[in-house]
Amino acid sequence: MAVHFFDMSVFHVRRKDREITNPHEMHQVLKTTKYVTIALCLNNQPYLVSLSHGYDEAKNSLYFHCASEGKKLVYAQANPLVWGQALLDYGVTDKCDYAYTSVHFSGKLFFITELTEKWHALETIIHQSSKTPHEKLAAVKPEKLAKIAMGQINITNMTGKKHQALP
């Protein structure tokens, strides 16, 4: 069976009226969504996983943490290229349309080993996901941080699309 690889830049948002072209708007989606879903692939077998995350706009990177063993790690170590989606779901409108904002991204995943970088990643995640980040971070013991796997996805491409009800 032949496998064809496509240059993703040839694909465009079909509905130009819904396309998000402002990078800041796409970054805001990545900063406000609770979860992203990423697709990984190993030996032509896809794997989707939803992750709580933190987005660092300056580095254009997503961070997540996980156990130091498991399916995500096996897939990512075999093939670090990922495709992901962040979605803000606003539900069905009065006109039976669906209101949403989504960002799709591609990038390269690697696992952070340096403790100060792990701490930065954890701070990014906690500040995005917690109402009491300082309290949560104060409770983290360095030996626990050293044991967890901390992933970083360096984003190389983003596209956005939205369809929202008008007021």
# chains A, B, ... in the order shown; residues from 1 in each chain; ligands from 1
>>> residues_around(residues="Gly107 of chain A", least_positions_apart="5", cutoff="7 Å", atoms="only C-alpha atoms", output="number ranges by chain")
A: 81-83, 153-157
>>> write_last_selection(atoms="N, CA and C atoms", output="PDB file, in the first residue's frame")
ATOM      1  N   LEU A  81       6.326  13.897  15.638  1.00  0.00           N
ATOM      2  CA  LEU A  81       5.449  14.837  14.941  1.00  0.00           C
ATOM      3  C   LEU A  81       4.015  14.654  15.407  1.00  0.00           C
ATOM      4  N   VAL A  82       3.349  15.759  15.732  1.00  0.00           N
ATOM      5  CA  VAL A  82       1.977  15.710  16.237  1.00  0.00           C
ATOM      6  C   VAL A  82       1.099  16.678  15.460  1.00  0.00           C
ATOM      7  N   TRP A  83      -0.193  16.400  15.518  1.00  0.00           N
ATOM      8  CA  TRP A  83      -1.222  17.309  15.027  1.00  0.00           C
ATOM      9  C   TRP A  83      -2.165  17.488  16.197  1.00  0.00           C
ATOM     10  N   ILE A 153       5.459  20.651  23.209  1.00  0.00           N
ATOM     11  CA  ILE A 153       5.187  20.627  21.775  1.00  0.00           C
ATOM     12  C   ILE A 153       5.562  21.995  21.228  1.00  0.00           C
ATOM     13  N   ASN A 154       6.589  22.025  20.408  1.00  0.00           N
ATOM     14  CA  ASN A 154       6.974  23.257  19.728  1.00  0.00           C
ATOM     15  C   ASN A 154       6.123  23.365  18.473  1.00  0.00           C
ATOM     16  N   ILE A 155       5.246  24.352  18.454  1.00  0.00           N
ATOM     17  CA  ILE A 155       4.284  24.500  17.361  1.00  0.00           C
ATOM     18  C   ILE A 155       4.971  25.102  16.139  1.00  0.00           C
ATOM     19  N   THR A 156       4.762  24.455  14.997  1.00  0.00           N
ATOM     20  CA  THR A 156       5.374  24.933  13.747  1.00  0.00           C
ATOM     21  C   THR A 156       4.351  25.536  12.797  1.00  0.00           C
ATOM     22  N   ASN A 157       3.066  25.196  12.976  1.00  0.00           N
ATOM     23  CA  ASN A 157       2.029  25.698  12.079  1.00  0.00           C
ATOM     24  C   ASN A 157       0.706  25.757  12.835  1.00  0.00           C
TER      25      ASN A 157
END
>>> residues_around(residues="Phe110 of chain A", least_positions_apart="2", cutoff="12 Å", atoms="only C-alpha atoms", output="PDB file with all heavy atoms, in the first residue's frame")
ATOM      1  N   SER A  61       4.856  27.262  22.447  1.00  0.00           N
ATOM      2  CA  SER A  61       4.925  25.863  22.868  1.00  0.00           C
ATOM      3  C   SER A  61       3.791  25.525  23.823  1.00  0.00           C
ATOM      4  O   SER A  61       3.396  26.351  24.644  1.00  0.00           O
ATOM      5  CB  SER A  61       6.254  25.587  23.593  1.00  0.00           C
ATOM      6  OG  SER A  61       7.335  25.719  22.720  1.00  0.00           O
ATOM      7  N   LEU A  62       3.335  24.298  23.711  1.00  0.00           N
ATOM      8  CA  LEU A  62       2.374  23.732  24.659  1.00  0.00           C
ATOM      9  C   LEU A  62       3.125  22.801  25.594  1.00  0.00           C
ATOM     10  O   LEU A  62       4.020  22.075  25.158  1.00  0.00           O
ATOM     11  CB  LEU A  62       1.326  22.893  23.927  1.00  0.00           C
ATOM     12  CG  LEU A  62       0.213  23.621  23.216  1.00  0.00           C
ATOM     13  CD1 LEU A  62      -0.586  22.638  22.383  1.00  0.00           C
ATOM     14  CD2 LEU A  62      -0.691  24.309  24.196  1.00  0.00           C
ATOM     15  N   TYR A  63       2.743  22.812  26.869  1.00  0.00           N
ATOM     16  CA  TYR A  63       3.324  21.907  27.852  1.00  0.00           C
ATOM     17  C   TYR A  63       2.230  21.017  28.428  1.00  0.00           C
ATOM     18  O   TYR A  63       1.089  21.448  28.592  1.00  0.00           O
ATOM     19  CB  TYR A  63       3.955  22.690  29.005  1.00  0.00           C
ATOM     20  CG  TYR A  63       5.094  23.582  28.592  1.00  0.00           C
ATOM     21  CD1 TYR A  63       4.935  24.962  28.560  1.00  0.00           C
ATOM     22  CD2 TYR A  63       6.333  23.048  28.260  1.00  0.00           C
ATOM     23  CE1 TYR A  63       5.984  25.791  28.202  1.00  0.00           C
ATOM     24  CE2 TYR A  63       7.390  23.866  27.899  1.00  0.00           C
ATOM     25  CZ  TYR A  63       7.210  25.242  27.867  1.00  0.00           C
ATOM     26  OH  TYR A  63       8.250  26.055  27.505  1.00  0.00           O
ATOM     27  N   PHE A  64       2.596  19.806  28.773  1.00  0.00           N
ATOM     28  CA  PHE A  64       1.698  18.892  29.481  1.00  0.00           C
ATOM     29  C   PHE A  64       2.556  17.959  30.328  1.00  0.00           C
ATOM     30  O   PHE A  64       3.748  17.814  30.104  1.00  0.00           O
ATOM     31  CB  PHE A  64       0.818  18.092  28.508  1.00  0.00           C
ATOM     32  CG  PHE A  64       1.589  17.138  27.638  1.00  0.00           C
ATOM     33  CD1 PHE A  64       1.782  15.816  28.011  1.00  0.00           C
ATOM     34  CD2 PHE A  64       2.128  17.565  26.427  1.00  0.00           C
ATOM     35  CE1 PHE A  64       2.505  14.935  27.217  1.00  0.00           C
ATOM     36  CE2 PHE A  64       2.838  16.701  25.619  1.00  0.00           C
ATOM     37  CZ  PHE A  64       3.033  15.379  26.013  1.00  0.00           C
ATOM     38  N   HIS A  65       1.926  17.354  31.323  1.00  0.00           N
ATOM     39  CA  HIS A  65       2.668  16.371  32.124  1.00  0.00           C
ATOM     40  C   HIS A  65       1.932  15.046  32.079  1.00  0.00           C
ATOM     41  O   HIS A  65       0.732  14.975  31.793  1.00  0.00           O
ATOM     42  CB  HIS A  65       2.878  16.846  33.565  1.00  0.00           C
ATOM     43  CG  HIS A  65       1.614  16.975  34.357  1.00  0.00           C
ATOM     44  ND1 HIS A  65       1.028  15.925  34.995  1.00  0.00           N
ATOM     45  CD2 HIS A  65       0.838  18.048  34.592  1.00  0.00           C
ATOM     46  CE1 HIS A  65      -0.058  16.337  35.614  1.00  0.00           C
ATOM     47  NE2 HIS A  65      -0.200  17.642  35.378  1.00  0.00           N
ATOM     48  N   LYS A  72       1.505   7.243  25.362  1.00  0.00           N
ATOM     49  CA  LYS A  72       1.927   8.542  24.817  1.00  0.00           C
ATOM     50  C   LYS A  72       3.430   8.583  24.601  1.00  0.00           C
ATOM     51  O   LYS A  72       3.907   9.051  23.573  1.00  0.00           O
ATOM     52  CB  LYS A  72       1.558   9.677  25.775  1.00  0.00           C
ATOM     53  CG  LYS A  72       0.196  10.246  25.622  1.00  0.00           C
ATOM     54  CD  LYS A  72       0.029  11.501  26.439  1.00  0.00           C
ATOM     55  CE  LYS A  72       0.096  11.338  27.912  1.00  0.00           C
ATOM     56  NZ  LYS A  72      -0.956  10.669  28.599  1.00  0.00           N
ATOM     57  N   LEU A  73       4.172   8.121  25.598  1.00  0.00           N
ATOM     58  CA  LEU A  73       5.632   8.173  25.512  1.00  0.00           C
ATOM     59  C   LEU A  73       6.162   7.266  24.410  1.00  0.00           C
ATOM     60  O   LEU A  73       7.056   7.655  23.662  1.00  0.00           O
ATOM     61  CB  LEU A  73       6.261   7.809  26.852  1.00  0.00           C
ATOM     62  CG  LEU A  73       6.410   8.972  27.816  1.00  0.00           C
ATOM     63  CD1 LEU A  73       5.109   9.389  28.415  1.00  0.00           C
ATOM     64  CD2 LEU A  73       7.419   8.632  28.869  1.00  0.00           C
ATOM     65  N   VAL A  74       5.615   6.074  24.297  1.00  0.00           N
ATOM     66  CA  VAL A  74       6.060   5.142  23.260  1.00  0.00           C
ATOM     67  C   VAL A  74       5.813   5.736  21.876  1.00  0.00           C
ATOM     68  O   VAL A  74       6.700   5.732  21.020  1.00  0.00           O
ATOM     69  CB  VAL A  74       5.353   3.774  23.411  1.00  0.00           C
ATOM     70  CG1 VAL A  74       5.641   2.867  22.231  1.00  0.00           C
ATOM     71  CG2 VAL A  74       5.775   3.107  24.720  1.00  0.00           C
ATOM     72  N   TYR A  75       4.618   6.256  21.656  1.00  0.00           N
ATOM     73  CA  TYR A  75       4.284   6.861  20.365  1.00  0.00           C
ATOM     74  C   TYR A  75       5.169   8.077  20.085  1.00  0.00           C
ATOM     75  O   TYR A  75       5.707   8.229  18.987  1.00  0.00           O
ATOM     76  CB  TYR A  75       2.814   7.272  20.322  1.00  0.00           C
ATOM     77  CG  TYR A  75       1.887   6.189  19.837  1.00  0.00           C
ATOM     78  CD1 TYR A  75       1.716   5.007  20.543  1.00  0.00           C
ATOM     79  CD2 TYR A  75       1.166   6.350  18.657  1.00  0.00           C
ATOM     80  CE1 TYR A  75       0.860   4.021  20.093  1.00  0.00           C
ATOM     81  CE2 TYR A  75       0.297   5.368  18.203  1.00  0.00           C
ATOM     82  CZ  TYR A  75       0.156   4.203  18.926  1.00  0.00           C
ATOM     83  OH  TYR A  75      -0.696   3.228  18.464  1.00  0.00           O
ATOM     84  N   ALA A  76       5.314   8.968  21.062  1.00  0.00           N
ATOM     85  CA  ALA A  76       6.078  10.200  20.860  1.00  0.00           C
ATOM     86  C   ALA A  76       7.557   9.926  20.621  1.00  0.00           C
ATOM     87  O   ALA A  76       8.199  10.614  19.827  1.00  0.00           O
ATOM     88  CB  ALA A  76       5.899  11.124  22.054  1.00  0.00           C
ATOM     89  N   GLN A  77       8.101   8.926  21.280  1.00  0.00           N
ATOM     90  CA  GLN A  77       9.511   8.609  21.081  1.00  0.00           C
ATOM     91  C   GLN A  77       9.751   7.979  19.710  1.00  0.00           C
ATOM     92  O   GLN A  77      10.803   8.177  19.108  1.00  0.00           O
ATOM     93  CB  GLN A  77      10.020   7.713  22.209  1.00  0.00           C
ATOM     94  CG  GLN A  77      10.125   8.491  23.515  1.00  0.00           C
ATOM     95  CD  GLN A  77      10.275   7.631  24.742  1.00  0.00           C
ATOM     96  OE1 GLN A  77      10.076   6.425  24.710  1.00  0.00           O
ATOM     97  NE2 GLN A  77      10.618   8.259  25.857  1.00  0.00           N
ATOM     98  N   ALA A  78       8.752   7.273  19.184  1.00  0.00           N
ATOM     99  CA  ALA A  78       8.881   6.673  17.857  1.00  0.00           C
ATOM    100  C   ALA A  78       8.692   7.703  16.747  1.00  0.00           C
ATOM    101  O   ALA A  78       9.329   7.623  15.697  1.00  0.00           O
ATOM    102  CB  ALA A  78       7.868   5.542  17.697  1.00  0.00           C
ATOM    103  N   ASN A  79       7.787   8.670  16.989  1.00  0.00           N
ATOM    104  CA  ASN A  79       7.484   9.680  15.977  1.00  0.00           C
ATOM    105  C   ASN A  79       7.078  10.957  16.710  1.00  0.00           C
ATOM    106  O   ASN A  79       5.948  11.061  17.190  1.00  0.00           O
ATOM    107  CB  ASN A  79       6.351   9.198  15.063  1.00  0.00           C
ATOM    108  CG  ASN A  79       5.985  10.202  13.995  1.00  0.00           C
ATOM    109  OD1 ASN A  79       6.507  11.310  13.954  1.00  0.00           O
ATOM    110  ND2 ASN A  79       5.059   9.821  13.146  1.00  0.00           N
ATOM    111  N   PRO A  80       7.951  11.946  16.774  1.00  0.00           N
ATOM    112  CA  PRO A  80       7.663  13.146  17.562  1.00  0.00           C
ATOM    113  C   PRO A  80       6.736  14.158  16.878  1.00  0.00           C
ATOM    114  O   PRO A  80       6.387  15.162  17.488  1.00  0.00           O
ATOM    115  CB  PRO A  80       9.050  13.753  17.778  1.00  0.00           C
ATOM    116  CG  PRO A  80       9.822  13.336  16.576  1.00  0.00           C
ATOM    117  CD  PRO A  80       9.312  11.951  16.239  1.00  0.00           C
ATOM    118  N   LEU A  81       6.326  13.897  15.638  1.00  0.00           N
ATOM    119  CA  LEU A  81       5.449  14.837  14.941  1.00  0.00           C
ATOM    120  C   LEU A  81       4.015  14.654  15.407  1.00  0.00           C
ATOM    121  O   LEU A  81       3.513  13.536  15.491  1.00  0.00           O
ATOM    122  CB  LEU A  81       5.547  14.637  13.431  1.00  0.00           C
ATOM    123  CG  LEU A  81       6.950  14.822  12.840  1.00  0.00           C
ATOM    124  CD1 LEU A  81       6.919  14.581  11.335  1.00  0.00           C
ATOM    125  CD2 LEU A  81       7.515  16.187  13.162  1.00  0.00           C
ATOM    126  N   VAL A  82       3.349  15.759  15.732  1.00  0.00           N
ATOM    127  CA  VAL A  82       1.977  15.710  16.237  1.00  0.00           C
ATOM    128  C   VAL A  82       1.099  16.678  15.460  1.00  0.00           C
ATOM    129  O   VAL A  82       1.573  17.631  14.847  1.00  0.00           O
ATOM    130  CB  VAL A  82       1.890  16.045  17.747  1.00  0.00           C
ATOM    131  CG1 VAL A  82       2.725  15.092  18.568  1.00  0.00           C
ATOM    132  CG2 VAL A  82       2.270  17.474  18.039  1.00  0.00           C
ATOM    133  N   GLY A 107       3.292  20.264  15.129  1.00  0.00           N
ATOM    134  CA  GLY A 107       4.536  20.564  15.822  1.00  0.00           C
ATOM    135  C   GLY A 107       5.322  19.318  16.137  1.00  0.00           C
ATOM    136  O   GLY A 107       4.983  18.217  15.701  1.00  0.00           O
ATOM    137  N   LYS A 108       6.362  19.535  16.912  1.00  0.00           N
ATOM    138  CA  LYS A 108       7.255  18.448  17.298  1.00  0.00           C
ATOM    139  C   LYS A 108       7.258  18.337  18.815  1.00  0.00           C
ATOM    140  O   LYS A 108       7.438  19.328  19.527  1.00  0.00           O
ATOM    141  CB  LYS A 108       8.659  18.730  16.773  1.00  0.00           C
ATOM    142  CG  LYS A 108       9.579  17.561  16.883  1.00  0.00           C
ATOM    143  CD  LYS A 108      10.858  17.819  16.104  1.00  0.00           C
ATOM    144  CE  LYS A 108      11.723  16.572  16.125  1.00  0.00           C
ATOM    145  NZ  LYS A 108      12.973  16.796  15.388  1.00  0.00           N
ATOM    146  N   ILE A 112      10.999  17.041  28.335  1.00  0.00           N
ATOM    147  CA  ILE A 112      11.953  17.905  29.024  1.00  0.00           C
ATOM    148  C   ILE A 112      12.632  17.109  30.136  1.00  0.00           C
ATOM    149  O   ILE A 112      11.955  16.416  30.908  1.00  0.00           O
ATOM    150  CB  ILE A 112      11.223  19.125  29.628  1.00  0.00           C
ATOM    151  CG1 ILE A 112      10.494  19.909  28.537  1.00  0.00           C
ATOM    152  CG2 ILE A 112      12.192  20.012  30.394  1.00  0.00           C
ATOM    153  CD1 ILE A 112       9.503  20.918  29.076  1.00  0.00           C
ATOM    154  N   THR A 113      13.935  17.226  30.231  1.00  0.00           N
ATOM    155  CA  THR A 113      14.668  16.523  31.284  1.00  0.00           C
ATOM    156  C   THR A 113      15.269  17.484  32.314  1.00  0.00           C
ATOM    157  O   THR A 113      15.465  17.102  33.460  1.00  0.00           O
ATOM    158  CB  THR A 113      15.801  15.662  30.681  1.00  0.00           C
ATOM    159  OG1 THR A 113      16.647  16.505  29.896  1.00  0.00           O
ATOM    160  CG2 THR A 113      15.222  14.546  29.808  1.00  0.00           C
ATOM    161  N   ALA A 149       6.965  12.964  33.825  1.00  0.00           N
ATOM    162  CA  ALA A 149       7.361  13.282  32.451  1.00  0.00           C
ATOM    163  C   ALA A 149       6.680  14.594  32.079  1.00  0.00           C
ATOM    164  O   ALA A 149       5.494  14.788  32.328  1.00  0.00           O
ATOM    165  CB  ALA A 149       6.933  12.167  31.506  1.00  0.00           C
ATOM    166  N   MET A 150       7.445  15.498  31.501  1.00  0.00           N
ATOM    167  CA  MET A 150       6.925  16.794  31.099  1.00  0.00           C
ATOM    168  C   MET A 150       7.150  16.936  29.604  1.00  0.00           C
ATOM    169  O   MET A 150       8.288  16.931  29.137  1.00  0.00           O
ATOM    170  CB  MET A 150       7.648  17.906  31.861  1.00  0.00           C
ATOM    171  CG  MET A 150       7.049  19.274  31.685  1.00  0.00           C
ATOM    172  SD  MET A 150       5.411  19.460  32.441  1.00  0.00           S
ATOM    173  CE  MET A 150       5.804  19.410  34.184  1.00  0.00           C
ATOM    174  N   GLY A 151       6.049  17.023  28.864  1.00  0.00           N
ATOM    175  CA  GLY A 151       6.138  17.128  27.416  1.00  0.00           C
ATOM    176  C   GLY A 151       6.064  18.570  26.951  1.00  0.00           C
ATOM    177  O   GLY A 151       5.413  19.411  27.583  1.00  0.00           O
ATOM    178  N   GLN A 152       6.734  18.841  25.852  1.00  0.00           N
ATOM    179  CA  GLN A 152       6.694  20.160  25.224  1.00  0.00           C
ATOM    180  C   GLN A 152       6.455  19.953  23.738  1.00  0.00           C
ATOM    181  O   GLN A 152       7.137  19.150  23.099  1.00  0.00           O
ATOM    182  CB  GLN A 152       8.007  20.909  25.434  1.00  0.00           C
ATOM    183  CG  GLN A 152       8.029  22.278  24.776  1.00  0.00           C
ATOM    184  CD  GLN A 152       9.281  23.078  25.118  1.00  0.00           C
ATOM    185  OE1 GLN A 152      10.026  22.736  26.038  1.00  0.00           O
ATOM    186  NE2 GLN A 152       9.501  24.150  24.384  1.00  0.00           N
ATOM    187  N   ILE A 153       5.459  20.651  23.209  1.00  0.00           N
ATOM    188  CA  ILE A 153       5.187  20.627  21.775  1.00  0.00           C
ATOM    189  C   ILE A 153       5.562  21.995  21.228  1.00  0.00           C
ATOM    190  O   ILE A 153       4.950  23.011  21.589  1.00  0.00           O
ATOM    191  CB  ILE A 153       3.705  20.329  21.478  1.00  0.00           C
ATOM    192  CG1 ILE A 153       3.315  18.971  22.034  1.00  0.00           C
ATOM    193  CG2 ILE A 153       3.443  20.408  19.962  1.00  0.00           C
ATOM    194  CD1 ILE A 153       1.821  18.672  21.994  1.00  0.00           C
ATOM    195  N   ASN A 154       6.589  22.025  20.408  1.00  0.00           N
ATOM    196  CA  ASN A 154       6.974  23.257  19.728  1.00  0.00           C
ATOM    197  C   ASN A 154       6.123  23.365  18.473  1.00  0.00           C
ATOM    198  O   ASN A 154       6.250  22.544  17.560  1.00  0.00           O
ATOM    199  CB  ASN A 154       8.462  23.259  19.390  1.00  0.00           C
ATOM    200  CG  ASN A 154       9.313  23.350  20.634  1.00  0.00           C
ATOM    201  OD1 ASN A 154       8.917  23.960  21.622  1.00  0.00           O
ATOM    202  ND2 ASN A 154      10.473  22.743  20.600  1.00  0.00           N
ATOM    203  N   ILE A 155       5.246  24.352  18.454  1.00  0.00           N
ATOM    204  CA  ILE A 155       4.284  24.500  17.361  1.00  0.00           C
ATOM    205  C   ILE A 155       4.971  25.102  16.139  1.00  0.00           C
ATOM    206  O   ILE A 155       5.656  26.121  16.239  1.00  0.00           O
ATOM    207  CB  ILE A 155       3.082  25.347  17.817  1.00  0.00           C
ATOM    208  CG1 ILE A 155       2.347  24.617  18.944  1.00  0.00           C
ATOM    209  CG2 ILE A 155       2.151  25.660  16.650  1.00  0.00           C
ATOM    210  CD1 ILE A 155       1.246  25.414  19.596  1.00  0.00           C
TER     211      ILE A 155
END
>>> select_by_dssp(residues="chain A", states="strand (DSSP E)", output="count of residues only")
69
>>> select_by_dssp(residues="segment 33-112 of chain A", states="alpha helix (DSSP H)", output="number ranges by chain")
A: 71-78
>>> residues_around(residues="Tyr35 of chain A", least_positions_apart="3", cutoff="7 Å", atoms="only C-alpha atoms", output="count of residues only")
5
>>> atom_distance(atom1="atom CA of Ile38 of chain A", atom2="atom CA of Leu109 of chain A")
10.3 Å
>>> closest_residue(among="A:Ala138, A:Ile125, A:Ala39, A:Leu145", to="Asp56 of chain A", atoms="only C-alpha atoms")
A:Ile125
>>> closest_residue(among="A:Val49, A:Leu88, A:Cys66, A:Ala146", to="Lys162 of chain A", atoms="only C-alpha atoms")
A:Leu88
>>> atom_distance(atom1="atom CA of Val140 of chain A", atom2="atom CA of Glu117 of chain A")
14.7 Å
